[in-house]
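Before any comments, here is the structure.
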Amino acid sequence: MTVSIRQIHPFFVGEVADVDLRRPLSEGEAAAIDAGINKYAVAIFHGQDITDEQQLAFSGNFGTIELPGSATNITKADERRIRADMADVSNLDRDQRPFARADRRRMFNLGNRLWHSDSSFRAVPAKYSLLSGRIVPAEGGNTEFADMRAAYDALDAATKAEIEDLVCEHSLLYSRGLLGFTELTEAEKASFKPVRQRLVRTHPVTGRKSLFLSSHAGAIVGWPMPEARAFLRDLMEHATQREFVHVHVWRQHDLVIWDNRQTMHRVRRFDDVREIRDMRRTTIKGEAMTAEQAA
């Protein structure tokens, strides 16, 4: 079956038709979807009522699954609601009830409402993320995506020259600190040790340059901290102008894939104390570091 992809935003985002993710893909179908992600950076599939196993099987077409682990969250192993090779980005505890408003895990997960790129806080950042909407709230909870290629292209020549070789430090300590969430154990602080990432990335397939920004980015190597944060905030404001952003309004059983090397994203506010938002993410490992790491 031929895969059909229709661009739905002036810069990026493709809506995919004629694919049933409950069955194995042919090599041609997988290649067509992969090419679509390289081109459009975000791919949307509607009406995909899949199981965890089917999501994992589909994800395996695009690389090796990244395990969440302690480097990505404060949820303990015995608190997990779903299998260990999937990221639970829901608002539910093990009893399938929304987190209480003051629950420490809820406070930490509010960081997903900040613009970010998945796993930029790992030495080898993520390639793709695949998010399945099993239960979506009646109102709110949209996911916004920003095209970091278009944002880079729109910079003036002087700024492009200035940022070409800059290296940033990324950590969950920075993104959660923006929200005032600083009550972390020593073990958690050790897990969230900052890593280095280039500020300008070149896509390995298309050759296009893009900004590599995230709320996890809190320092620029060699710059005073206040100056670095002010500059990163300016770049973030530029990159998230409405012209560069697509808003995905979730329908139940949507699956969305995005390329973390070319986009940022964030979830929007909803009544997460009363409504259920059951979202399950598989993440594909990246291929290499973007910058040399400190010893």
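Quick note on naming: the chains in the structure tokens go A, B, ... in the order shown, residues restart at 1 in each chain, and ligands are numbered from 1 in order of appearance.
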Each residue of stretch 84-130 of chain A lying at most 8 Å from stretch 213-216 of chain A should get a row with its shortest atom-to-atom pair and the distance in Å to one decimal, counting only C-alpha atoms; could you produce that, ordered by chain and increasing number, as CSV?
residue,atom,partner,partner_atom,distance
A:Leu114,CA,A:Ser215,CA,6.3
A:Trp115,CA,A:Ser215,CA,5.7
A:His116,CA,A:Ser214,CA,4.0
A:Ser117,CA,A:Ser214,CA,5.6
A:Ser120,CA,A:His216,CA,7.1
A:Phe121,CA,A:His216,CA,6.5
Next, write the just-selected residues to a file, as a PDB file, in the first residue's frame, keeping C-alpha atoms as the atom set.
ATOM      1  CA  LEU A 114       7.853  24.245  28.764  1.00  0.00           C
ATOM      2  CA  TRP A 115       9.318  24.214  25.263  1.00  0.00           C
ATOM      3  CA  HIS A 116      11.814  21.370  25.027  1.00  0.00           C
ATOM      4  CA  SER A 117      13.443  18.672  22.939  1.00  0.00           C
ATOM      5  CA  SER A 120      18.472  16.854  25.109  1.00  0.00           C
ATOM      6  CA  PHE A 121      19.714  16.355  28.684  1.00  0.00           C
TER       7      PHE A 121
END
Run DSSP on the backbone and tell me which residues of stretch 6-75 of chain A come out as strand (DSSP E); list them as an MDAnalysis selection string. chainID A and resid 6:7 14:17 42:45
Expected file: the selected residues, C-alpha atoms, as an mmCIF file, in the first residue's frame:
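Listed below is the output, part-v8.cif:
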data_model
loop_
_atom_site.group_PDB
_atom_site.id
_atom_site.type_symbol
_atom_site.label_atom_id
_atom_site.label_comp_id
_atom_site.auth_asym_id
_atom_site.auth_seq_id
_atom_site.Cartn_x
_atom_site.Cartn_y
_atom_site.Cartn_z
ATOM 1 C CA ARG A 6 -0.105 15.749 3.172
ATOM 2 C CA GLN A 7 1.659 18.856 4.484
ATOM 3 C CA GLY A 14 2.703 15.984 7.532
ATOM 4 C CA GLU A 15 -0.598 14.142 8.009
ATOM 5 C CA VAL A 16 -0.185 10.470 7.093
ATOM 6 C CA ALA A 17 -2.940 8.387 5.516
ATOM 7 C CA VAL A 42 6.361 15.965 12.475
ATOM 8 C CA ALA A 43 4.091 13.165 11.212
ATOM 9 C CA ILE A 44 0.493 12.729 12.405
ATOM 10 C CA PHE A 45 -1.448 9.456 12.203
#
7 Å contact set for stretch 71-83 of chain A, only C-alpha atoms, chain neighbours under 6 positions out, as JSON, numbers by chain: {"A": [93, 94, 105, 191, 192]}
Could the residues in this selection be saved with N, CA and C atoms as an mmCIF file, in the first residue's frame?
data_model
loop_
_atom_site.group_PDB
_atom_site.id
_atom_site.type_symbol
_atom_site.label_atom_id
_atom_site.label_comp_id
_atom_site.auth_asym_id
_atom_site.auth_seq_id
_atom_site.Cartn_x
_atom_site.Cartn_y
_atom_site.Cartn_z
ATOM 1 N N ASP A 93 -1.540 7.813 38.285
ATOM 2 C CA ASP A 93 -0.717 6.977 39.145
ATOM 3 C C ASP A 93 -0.986 5.502 38.841
ATOM 4 N N ARG A 94 -0.425 4.615 39.623
ATOM 5 C CA ARG A 94 -0.564 3.178 39.355
ATOM 6 C C ARG A 94 -1.995 2.689 39.492
ATOM 7 N N ARG A 105 5.391 14.043 41.779
ATOM 8 C CA ARG A 105 5.539 13.623 40.381
ATOM 9 C C ARG A 105 4.793 14.573 39.450
ATOM 10 N N SER A 191 21.863 12.206 38.798
ATOM 11 C CA SER A 191 21.311 11.680 37.539
ATOM 12 C C SER A 191 21.131 12.774 36.500
ATOM 13 N N PHE A 192 20.908 14.008 36.973
ATOM 14 C CA PHE A 192 20.602 15.115 36.070
ATOM 15 C C PHE A 192 21.823 15.990 35.781
#
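Counting only C-alpha atoms, the residue from A:His170, A:His253, A:Arg208, A:Arg201 that sits nearest to A:Lys39 is A:Arg208.
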Can you pull out every residue within 6 Å of A:Thr263, counting only C-alpha atoms, but drop anything in the same chain fewer than 3 positions away, and send it as a ChimeraX atom specification? /A:146-148,260
Near stretch 234-251 of chain A, within 7 Å and counting only C-alpha atoms, which residues show up once chain neighbours fewer than 3 positions away are dropped, as a ChimeraX atom specification? /A:9,136,142-148,150-151,213,230-231,254
